[in-house]
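Colleague: My structure is in upload_19.pdb, and what it holds is PDB, C-alpha atoms and all ligand atoms:
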```
ATOM      1  CA  MET D1360      11.896 -30.849   6.497
ATOM      2  CA  LYS D1361      14.267 -31.035   9.465
ATOM      3  CA  ILE D1362      13.172 -32.082  12.968
ATOM      4  CA  ASP D1363      15.533 -31.904  15.958
ATOM      5  CA  ILE D1364      14.369 -33.662  19.123
ATOM      6  CA  LEU D1365      15.811 -32.537  22.479
ATOM      7  CA  THR D1366      15.533 -35.310  25.054
ATOM      8  CA  LEU D1367      17.137 -36.941  28.079
ATOM      9  CA  PHE D1368      16.422 -40.362  26.517
ATOM     10  CA  PRO D1369      17.504 -40.389  22.839
ATOM     11  CA  GLU D1370      17.681 -44.200  22.895
ATOM     12  CA  MET D1371      13.873 -44.341  23.102
ATOM     13  CA  PHE D1372      13.564 -43.081  19.512
ATOM     14  CA  THR D1373      15.742 -45.435  17.484
ATOM     15  CA  GLY D1374      13.287 -48.144  16.425
ATOM     16  CA  VAL D1375      10.355 -45.813  15.845
ATOM     17  CA  LEU D1376      12.199 -43.438  13.530
ATOM     18  CA  SER D1377      13.847 -46.097  11.374
ATOM     19  CA  ALA D1378      10.860 -48.406  10.801
ATOM     20  CA  SER D1379       8.045 -48.347   8.267
ATOM     21  CA  ILE D1380       6.921 -45.078   6.693
ATOM     22  CA  LEU D1381       9.124 -42.834   8.853
ATOM     23  CA  GLY D1382      12.181 -44.866   7.875
ATOM     24  CA  ARG D1383      11.255 -44.599   4.207
ATOM     25  CA  ALA D1384      10.713 -40.817   4.542
ATOM     26  CA  ALA D1385      14.169 -40.484   6.098
ATOM     27  CA  ALA D1386      15.771 -42.616   3.384
ATOM     28  CA  ALA D1387      14.101 -40.451   0.722
ATOM     29  CA  ASP D1388      15.362 -37.253   2.458
ATOM     30  CA  LEU D1389      11.793 -36.000   2.837
ATOM     31  CA  LEU D1390      12.207 -35.875   6.584
ATOM     32  CA  THR D1391      15.446 -35.627   8.558
ATOM     33  CA  VAL D1392      14.954 -36.390  12.251
ATOM     34  CA  GLU D1393      17.827 -36.139  14.723
ATOM     35  CA  THR D1394      17.797 -36.690  18.467
ATOM     36  CA  HIS D1395      20.048 -34.723  20.835
ATOM     37  CA  ASN D1396      20.842 -35.591  24.436
ATOM     38  CA  ILE D1397      20.170 -32.502  26.575
ATOM     39  CA  ARG D1398      22.602 -33.873  29.165
ATOM     40  CA  ASP D1399      25.474 -33.414  26.654
ATOM     41  CA  TYR D1400      24.954 -29.649  26.957
ATOM     42  CA  SER D1401      25.131 -29.489  30.766
ATOM     43  CA  THR D1402      28.013 -27.368  32.074
ATOM     44  CA  ASP D1403      27.831 -29.245  35.406
ATOM     45  CA  LYS D1404      30.740 -31.573  36.114
ATOM     46  CA  HIS D1405      28.314 -34.446  36.746
ATOM     47  CA  ARG D1406      26.332 -33.567  33.579
ATOM     48  CA  LYS D1407      23.339 -32.710  35.743
ATOM     49  CA  ALA D1408      20.207 -31.703  33.816
ATOM     50  CA  ASP D1409      17.587 -31.577  36.606
ATOM     51  CA  ASP D1410      17.348 -30.187  40.145
ATOM     52  CA  TYR D1411      15.015 -29.688  43.120
ATOM     53  CA  PRO D1412      12.128 -27.246  42.687
ATOM     54  CA  PHE D1413      12.402 -23.862  44.451
ATOM     55  CA  GLY D1414       9.615 -23.664  47.014
ATOM     56  CA  GLY D1415       9.698 -27.412  47.613
ATOM     57  CA  GLY D1416       7.537 -30.199  46.264
ATOM     58  CA  ALA D1417       7.930 -33.669  44.843
ATOM     59  CA  GLY D1418      10.186 -34.627  41.971
ATOM     60  CA  LEU D1419      12.859 -32.861  39.953
ATOM     61  CA  VAL D1420      12.633 -30.016  37.473
ATOM     62  CA  MET D1421      14.576 -29.873  34.205
ATOM     63  CA  MET D1422      17.181 -27.102  34.459
ATOM     64  CA  ALA D1423      17.214 -24.078  32.163
ATOM     65  CA  GLN D1424      20.953 -24.074  31.303
ATOM     66  CA  PRO D1425      21.307 -27.386  29.412
ATOM     67  CA  ILE D1426      18.063 -26.719  27.513
ATOM     68  CA  PHE D1427      19.025 -23.125  26.577
ATOM     69  CA  ASP D1428      22.444 -24.242  25.301
ATOM     70  CA  CYS D1429      21.065 -27.290  23.459
ATOM     71  CA  MET D1430      18.373 -25.099  21.843
ATOM     72  CA  ALA D1431      20.994 -22.496  20.856
ATOM     73  CA  ALA D1432      23.002 -25.227  19.115
ATOM     74  CA  MET D1433      19.879 -26.248  17.132
ATOM     75  CA  THR D1434      18.863 -22.738  16.049
ATOM     76  CA  GLY D1435      22.389 -21.425  15.393
ATOM     77  CA  GLU D1436      22.075 -21.834  11.649
ATOM     78  CA  GLY D1437      18.705 -20.147  11.317
ATOM     79  CA  PRO D1438      15.223 -19.839  12.790
ATOM     80  CA  ALA D1439      13.202 -22.833  13.931
ATOM     81  CA  HIS D1440       9.699 -23.405  15.267
ATOM     82  CA  ARG D1441      10.146 -24.623  18.844
ATOM     83  CA  VAL D1442       7.574 -26.961  20.434
ATOM     84  CA  LEU D1443       7.468 -28.223  24.023
ATOM     85  CA  LEU D1444       5.681 -31.556  24.551
ATOM     86  CA  THR D1445       3.794 -31.242  27.832
ATOM     87  CA  PRO D1446       0.425 -32.377  29.217
ATOM     88  CA  ARG D1447      -0.491 -28.684  29.641
ATOM     89  CA  GLY D1448      -0.183 -28.043  25.876
ATOM     90  CA  ALA D1449      -2.893 -27.716  23.246
ATOM     91  CA  PRO D1450      -4.292 -31.157  22.301
ATOM     92  CA  LEU D1451      -2.819 -32.488  19.042
ATOM     93  CA  CYS D1452      -5.306 -32.528  16.135
ATOM     94  CA  PRO D1453      -5.043 -32.706  12.308
ATOM     95  CA  ASP D1454      -4.924 -28.882  11.988
ATOM     96  CA  ILE D1455      -1.917 -28.607  14.320
ATOM     97  CA  ALA D1456      -0.168 -31.510  12.554
ATOM     98  CA  LYS D1457      -0.771 -29.911   9.122
ATOM     99  CA  ARG D1458       0.515 -26.530  10.261
ATOM    100  CA  LEU D1459       3.670 -28.038  11.799
ATOM    101  CA  ALA D1460       4.249 -30.160   8.669
ATOM    102  CA  ASN D1461       4.710 -26.888   6.748
ATOM    103  CA  GLU D1462       7.620 -25.752   8.933
ATOM    104  CA  GLU D1463      11.079 -26.041   7.421
ATOM    105  CA  HIS D1464      12.777 -26.644  10.787
ATOM    106  CA  LEU D1465      11.062 -27.931  13.921
ATOM    107  CA  VAL D1466      12.661 -28.377  17.330
ATOM    108  CA  LEU D1467      10.764 -30.634  19.744
ATOM    109  CA  LEU D1468      11.609 -30.426  23.444
ATOM    110  CA  CYS D1469      10.587 -33.445  25.505
ATOM    111  CA  GLY D1470       9.620 -32.454  29.039
ATOM    112  CA  HIS D1471      10.347 -34.865  31.881
ATOM    113  CA  TYR D1472      10.175 -35.336  35.634
ATOM    114  CA  GLU D1473       7.824 -32.891  37.308
ATOM    115  CA  GLY D1474       8.314 -30.295  34.611
ATOM    116  CA  VAL D1475      10.667 -27.819  33.011
ATOM    117  CA  ASP D1476      12.035 -24.582  34.541
ATOM    118  CA  GLU D1477       9.424 -22.002  33.508
ATOM    119  CA  ARG D1478      12.121 -19.680  32.110
ATOM    120  CA  VAL D1479      12.497 -22.168  29.242
ATOM    121  CA  MET D1480       9.144 -20.838  28.010
ATOM    122  CA  THR D1481      10.999 -17.738  26.748
ATOM    123  CA  ILE D1482      12.560 -19.941  24.025
ATOM    124  CA  ILE D1483       9.410 -21.985  23.183
ATOM    125  CA  ASP D1484       6.870 -21.035  20.491
ATOM    126  CA  GLU D1485       4.049 -23.406  21.461
ATOM    127  CA  GLU D1486       3.121 -26.260  23.796
ATOM    128  CA  VAL D1487       1.493 -29.451  22.511
ATOM    129  CA  SER D1488      -0.113 -32.379  24.378
ATOM    130  CA  ILE D1489      -1.366 -35.673  22.947
ATOM    131  CA  GLY D1490      -4.376 -36.060  25.231
ATOM    132  CA  ASP D1491      -5.849 -35.785  28.701
ATOM    133  CA  TYR D1492      -3.689 -38.315  30.537
ATOM    134  CA  VAL D1493      -0.230 -37.958  32.038
ATOM    135  CA  LEU D1494       2.788 -39.825  30.675
ATOM    136  CA  THR D1495       6.215 -40.076  32.323
ATOM    137  CA  GLY D1496       7.794 -37.892  29.662
ATOM    138  CA  GLY D1497       7.433 -36.104  26.351
ATOM    139  CA  GLU D1498       9.284 -38.761  24.323
ATOM    140  CA  LEU D1499       6.280 -40.880  23.308
ATOM    141  CA  PRO D1500       4.275 -37.709  22.532
ATOM    142  CA  ALA D1501       7.168 -36.432  20.358
ATOM    143  CA  MET D1502       7.114 -39.722  18.411
ATOM    144  CA  VAL D1503       3.342 -39.468  18.033
ATOM    145  CA  LEU D1504       3.675 -35.885  16.791
ATOM    146  CA  VAL D1505       6.430 -36.760  14.277
ATOM    147  CA  ASP D1506       4.421 -39.714  12.946
ATOM    148  CA  CYS D1507       1.233 -37.653  12.723
ATOM    149  CA  LEU D1508       2.782 -34.644  10.942
ATOM    150  CA  ALA D1509       4.961 -36.777   8.638
ATOM    151  CA  ARG D1510       1.774 -37.963   6.949
ATOM    152  CA  PHE D1511       1.139 -34.353   5.872
ATOM    153  CA  VAL D1512       4.636 -33.842   4.422
ATOM    154  CA  PRO D1513       4.301 -34.063   0.617
ATOM    155  CA  GLY D1514       5.655 -37.366  -0.700
ATOM    156  CA  VAL D1515       5.771 -39.217   2.634
ATOM    157  CA  LEU D1516       2.576 -41.149   1.971
ATOM    158  CA  GLY D1517       2.556 -42.969  -1.342
ATOM    159  CA  GLY D1518      -0.294 -42.281  -3.746
ATOM    160  CA  GLU D1519      -1.965 -45.382  -2.350
ATOM    161  CA  MET D1520      -2.738 -43.572   0.918
ATOM    162  CA  SER D1521      -4.801 -40.509   1.573
ATOM    163  CA  THR D1522      -4.951 -38.078   4.491
ATOM    164  CA  GLU D1523      -8.272 -36.712   3.262
ATOM    165  CA  GLU D1524     -10.578 -39.721   3.458
ATOM    166  CA  GLU D1525      -9.624 -41.046   6.845
ATOM    167  CA  SER D1526     -10.783 -40.855  10.434
ATOM    168  CA  PHE D1527     -10.969 -37.422  12.074
ATOM    169  CA  VAL D1528     -10.097 -35.398   8.998
ATOM    170  CA  ASN D1529     -13.801 -35.221   8.121
ATOM    171  CA  ASP D1530     -14.952 -35.865  11.706
ATOM    172  CA  LEU D1531     -16.033 -39.446  10.958
ATOM    173  CA  LEU D1532     -14.398 -42.729  11.900
ATOM    174  CA  GLU D1533     -13.245 -44.925   9.044
ATOM    175  CA  TYR D1534     -15.537 -47.339   7.242
ATOM    176  CA  PRO D1535     -14.798 -51.092   7.451
ATOM    177  CA  GLN D1536     -12.257 -52.516   4.987
ATOM    178  CA  TYR D1537     -11.843 -56.025   3.576
ATOM    179  CA  THR D1538      -9.308 -57.823   1.426
ATOM    180  CA  ARG D1539      -9.136 -61.241  -0.236
ATOM    181  CA  PRO D1540     -10.492 -63.845   0.128
ATOM    182  CA  ALA D1541     -14.186 -62.893  -0.258
ATOM    183  CA  ASP D1542     -15.067 -65.916   1.903
ATOM    184  CA  PHE D1543     -12.749 -66.440   4.876
ATOM    185  CA  ARG D1544     -13.767 -69.537   6.848
ATOM    186  CA  GLY D1545     -17.404 -68.729   6.183
ATOM    187  CA  LEU D1546     -17.064 -65.021   7.039
ATOM    188  CA  GLN D1547     -18.305 -63.095   3.993
ATOM    189  CA  VAL D1548     -17.292 -59.728   2.595
ATOM    190  CA  PRO D1549     -20.380 -57.474   2.176
ATOM    191  CA  GLU D1550     -21.900 -58.163  -1.250
ATOM    192  CA  ILE D1551     -21.886 -54.495  -2.292
ATOM    193  CA  LEU D1552     -18.076 -54.306  -2.250
ATOM    194  CA  LEU D1553     -17.945 -57.049  -4.878
ATOM    195  CA  SER D1554     -20.535 -55.317  -7.101
ATOM    196  CA  GLY D1555     -18.151 -52.945  -8.889
ATOM    197  CA  HIS D1556     -20.764 -50.174  -8.571
ATOM    198  CA  HIS D1557     -18.613 -47.230  -7.466
ATOM    199  CA  ALA D1558     -21.397 -44.812  -6.461
ATOM    200  CA  ASN D1559     -23.213 -47.440  -4.377
ATOM    201  CA  ILE D1560     -19.953 -48.417  -2.691
ATOM    202  CA  GLN D1561     -19.231 -44.762  -1.806
ATOM    203  CA  ALA D1562     -22.729 -44.361  -0.331
ATOM    204  CA  TRP D1563     -22.390 -47.601   1.654
ATOM    205  CA  ARG D1564     -19.003 -46.548   3.043
ATOM    206  CA  ARG D1565     -20.370 -43.160   4.066
ATOM    207  CA  SER D1566     -23.322 -44.709   5.927
ATOM    208  CA  GLN D1567     -21.036 -47.283   7.604
ATOM    209  CA  ALA D1568     -18.693 -44.477   8.723
ATOM    210  CA  GLU D1569     -21.640 -42.537  10.155
ATOM    211  CA  GLU D1570     -22.982 -45.619  11.933
ATOM    212  CA  LYS D1571     -19.573 -46.459  13.464
ATOM    213  CA  THR D1572     -19.176 -42.856  14.576
ATOM    214  CA  ARG D1573     -22.647 -42.809  16.138
ATOM    215  CA  GLN D1574     -21.825 -45.979  18.114
ATOM    216  CA  ILE D1575     -18.270 -45.214  19.246
ATOM    217  CA  ARG D1576     -17.732 -41.430  19.033
ATOM    218  CA  PRO D1577     -21.122 -39.665  18.996
ATOM    219  CA  ASP D1578     -19.344 -36.506  20.205
ATOM    220  CA  LEU D1579     -17.743 -36.172  16.741
ATOM    221  CA  LEU D1580     -21.161 -35.883  15.060
ATOM    222  CA  TYR D1581     -22.107 -32.807  17.085
ATOM    223  CA  LYS D1582     -18.850 -30.913  16.735
TER
HETATM  224 CL1  LIG Q   1       3.121 -34.020  25.643
HETATM  225  N1  LIG Q   1       3.736 -35.134  27.958
HETATM  226  C1  LIG Q   1       3.458 -35.888  29.036
HETATM  227  N2  LIG Q   1       4.393 -36.066  29.973
HETATM  228  N3  LIG Q   1       2.285 -36.468  29.240
HETATM  229  C2  LIG Q   1       1.361 -36.276  28.297
HETATM  230  C3  LIG Q   1       1.576 -35.510  27.146
HETATM  231  C4  LIG Q   1       2.806 -34.942  27.012
HETATM  232  N4  LIG Q   1       0.452 -35.515  26.401
HETATM  233  C5  LIG Q   1      -0.409 -36.257  27.067
HETATM  234  N5  LIG Q   1       0.119 -36.714  28.209
END
```
Mind converting the file's structure to structure tokens?
Modeller:
Amino acid sequence: MKIDILTLFPEMFTGVLSASILGRAAAADLLTVETHNIRDYSTDKHRKADDYPFGGGAGLVMMAQPIFDCMAAMTGEGPAHRVLLTPRGAPLCPDIAKRLANEEHLVLLCGHYEGVDERVMTIIDEEVSIGDYVLTGGELPAMVLVDCLARFVPGVLGGEMSTEEESFVNDLLEYPQYTRPADFRGLQVPEILLSGHHANIQAWRRSQAEEKTRQIRPDLLYK
């Protein structure tokens, strides 16, 4: 899968995309992520990419021209699914991440300043947000979206990890996990996990997950 990210701050992405699982996915050619500086597509002699809002108001608005031309360069070789990261988008959830993970070519546009010229919406397929709080730009949300959907791209997670058993996929938070040693400075691992009794362990994990969810996210139980 190919992901192109359109941004005014490509330097924000470098560490995130090359580390850990995303770095391994890139090295294995499962996921090719490229960032593109929108400013490089400005026809203005000062490479301007934002301007004052018509009608007045605070802040600057991202101009249509650099975004249209940058987008055209991305989609020149074929169709792409185009996503704008904006706080007014649909909240990211596992279903959205799964659906986007099935796209062959995604283009992510990172909004900034006070917004994007509304005419850009004519070249956007959907708007996505990562929650009900406002960030300074769409860059961190784009990284969150790439990380979240990468886990649904076949081969990105090794067999040792599952997207089916974890938090939110089945509307429960995760059960507690332990590793060696069984006794760490007097803190014990629950006896049942050392029992080797698979069915009992599954039942215990399920009840722990339900209890955690009841305490921390009761809203999930009534969805
Ligand atoms: Cl996608 N963008 C910005 N600027 N703020 C956000 C967001 C996106 N999602 C939550 N807050």
Colleague: From the list D:Ala1501, D:Leu1579, D:Met1371, D:Ala1541, which residue is nearest ligand LIG 1 (chain Q) when using only C-alpha atoms and all ligand atoms?
Modeller: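 Nearest candidate to ligand LIG 1 (chain Q) out of D:Ala1501, D:Leu1579, D:Met1371, D:Ala1541: D:Ala1501.
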Colleague: How would you write, as a CSV table (one decimal) with C-alpha atoms, in the frame of the given file, the residues chosen by the PyMOL selection byres (((chain D and resi 1423) around 8) and not hetatm) on this structure?
Modeller:
```csv
chain,number,residue,atom,x,y,z
D,1421,MET,CA,14.6,-29.9,34.2
D,1422,MET,CA,17.2,-27.1,34.5
D,1424,GLN,CA,21.0,-24.1,31.3
D,1425,PRO,CA,21.3,-27.4,29.4
D,1426,ILE,CA,18.1,-26.7,27.5
D,1427,PHE,CA,19.0,-23.1,26.6
D,1475,VAL,CA,10.7,-27.8,33.0
D,1476,ASP,CA,12.0,-24.6,34.5
D,1478,ARG,CA,12.1,-19.7,32.1
D,1479,VAL,CA,12.5,-22.2,29.2
```
Colleague: Using only C-alpha atoms and all ligand atoms, which residues have at least one atom no more than 10 Å from ligand LIG 1 (chain Q)? Output them as a PyMOL selection string.
Modeller: chain D and resi 1442-1451+1468-1474+1486-1501+1503-1504
Colleague: Which residues match the PyMOL selection byres (((chain D and resi 1564) around 12) and not hetatm) in the file above, as a compact mmCIF listing (two decimals) with C-alpha atoms, in the coordinates of the input?
Modeller:
```
# COMPACT_ATOMS: atom_id res chain seq x y z
CA GLU D 1524 -10.58 -39.72 3.46
CA GLU D 1525 -9.62 -41.05 6.84
CA LEU D 1531 -16.03 -39.45 10.96
CA LEU D 1532 -14.40 -42.73 11.90
CA GLU D 1533 -13.24 -44.92 9.04
CA TYR D 1534 -15.54 -47.34 7.24
CA PRO D 1535 -14.80 -51.09 7.45
CA GLN D 1536 -12.26 -52.52 4.99
CA TYR D 1537 -11.84 -56.02 3.58
CA PRO D 1549 -20.38 -57.47 2.18
CA ILE D 1551 -21.89 -54.50 -2.29
CA LEU D 1552 -18.08 -54.31 -2.25
CA HIS D 1557 -18.61 -47.23 -7.47
CA ALA D 1558 -21.40 -44.81 -6.46
CA ASN D 1559 -23.21 -47.44 -4.38
CA ILE D 1560 -19.95 -48.42 -2.69
CA GLN D 1561 -19.23 -44.76 -1.81
CA ALA D 1562 -22.73 -44.36 -0.33
CA TRP D 1563 -22.39 -47.60 1.65
CA ARG D 1565 -20.37 -43.16 4.07
CA SER D 1566 -23.32 -44.71 5.93
CA GLN D 1567 -21.04 -47.28 7.60
CA ALA D 1568 -18.69 -44.48 8.72
CA GLU D 1569 -21.64 -42.54 10.15
CA GLU D 1570 -22.98 -45.62 11.93
CA LYS D 1571 -19.57 -46.46 13.46
```
Colleague: List as CSV every residue of region 1402-1515 of chain D that is in contact with region 1388-1395 of chain D, defined as an atom at most 12 Å from one of its atoms (using only C-alpha atoms), together with the nearest atom pair and the distance in Å rounded to one decimal, sorted by chain and then rising number.
Modeller:
```
residue,atom,partner,partner_atom,distance
D:Pro1425,CA,D:His1395,CA,11.4
D:Ile1426,CA,D:His1395,CA,10.6
D:Asp1428,CA,D:His1395,CA,11.6
D:Cys1429,CA,D:His1395,CA,7.9
D:Met1430,CA,D:His1395,CA,9.8
D:Ala1432,CA,D:His1395,CA,10.1
D:Met1433,CA,D:His1395,CA,9.3
D:Ala1460,CA,D:Leu1390,CA,10.0
D:Asn1461,CA,D:Leu1390,CA,11.7
D:Glu1462,CA,D:Leu1390,CA,11.4
D:Glu1463,CA,D:Leu1390,CA,9.9
D:His1464,CA,D:Thr1391,CA,9.6
D:Leu1465,CA,D:Val1392,CA,9.5
D:Val1466,CA,D:Glu1393,CA,9.7
D:Leu1467,CA,D:Thr1394,CA,9.4
D:Leu1468,CA,D:His1395,CA,9.8
D:Cys1469,CA,D:Thr1394,CA,10.6
D:Glu1498,CA,D:Thr1394,CA,10.5
D:Ala1501,CA,D:Thr1394,CA,10.8
D:Met1502,CA,D:Val1392,CA,10.5
D:Val1505,CA,D:Val1392,CA,8.8
D:Asp1506,CA,D:Leu1390,CA,10.8
D:Leu1508,CA,D:Leu1390,CA,10.5
D:Ala1509,CA,D:Leu1390,CA,7.6
D:Arg1510,CA,D:Leu1390,CA,10.6
D:Phe1511,CA,D:Leu1390,CA,11.2
D:Val1512,CA,D:Leu1389,CA,7.6
D:Pro1513,CA,D:Leu1389,CA,8.1
D:Gly1514,CA,D:Leu1389,CA,7.2
D:Val1515,CA,D:Leu1389,CA,6.8
```
Colleague: To one decimal in Å, tell me the separation between CA of Ala1439 (chain D) and CA of Ala1387 (chain D).
Modeller: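 Distance reported for this atom pair: 22.0 Å.
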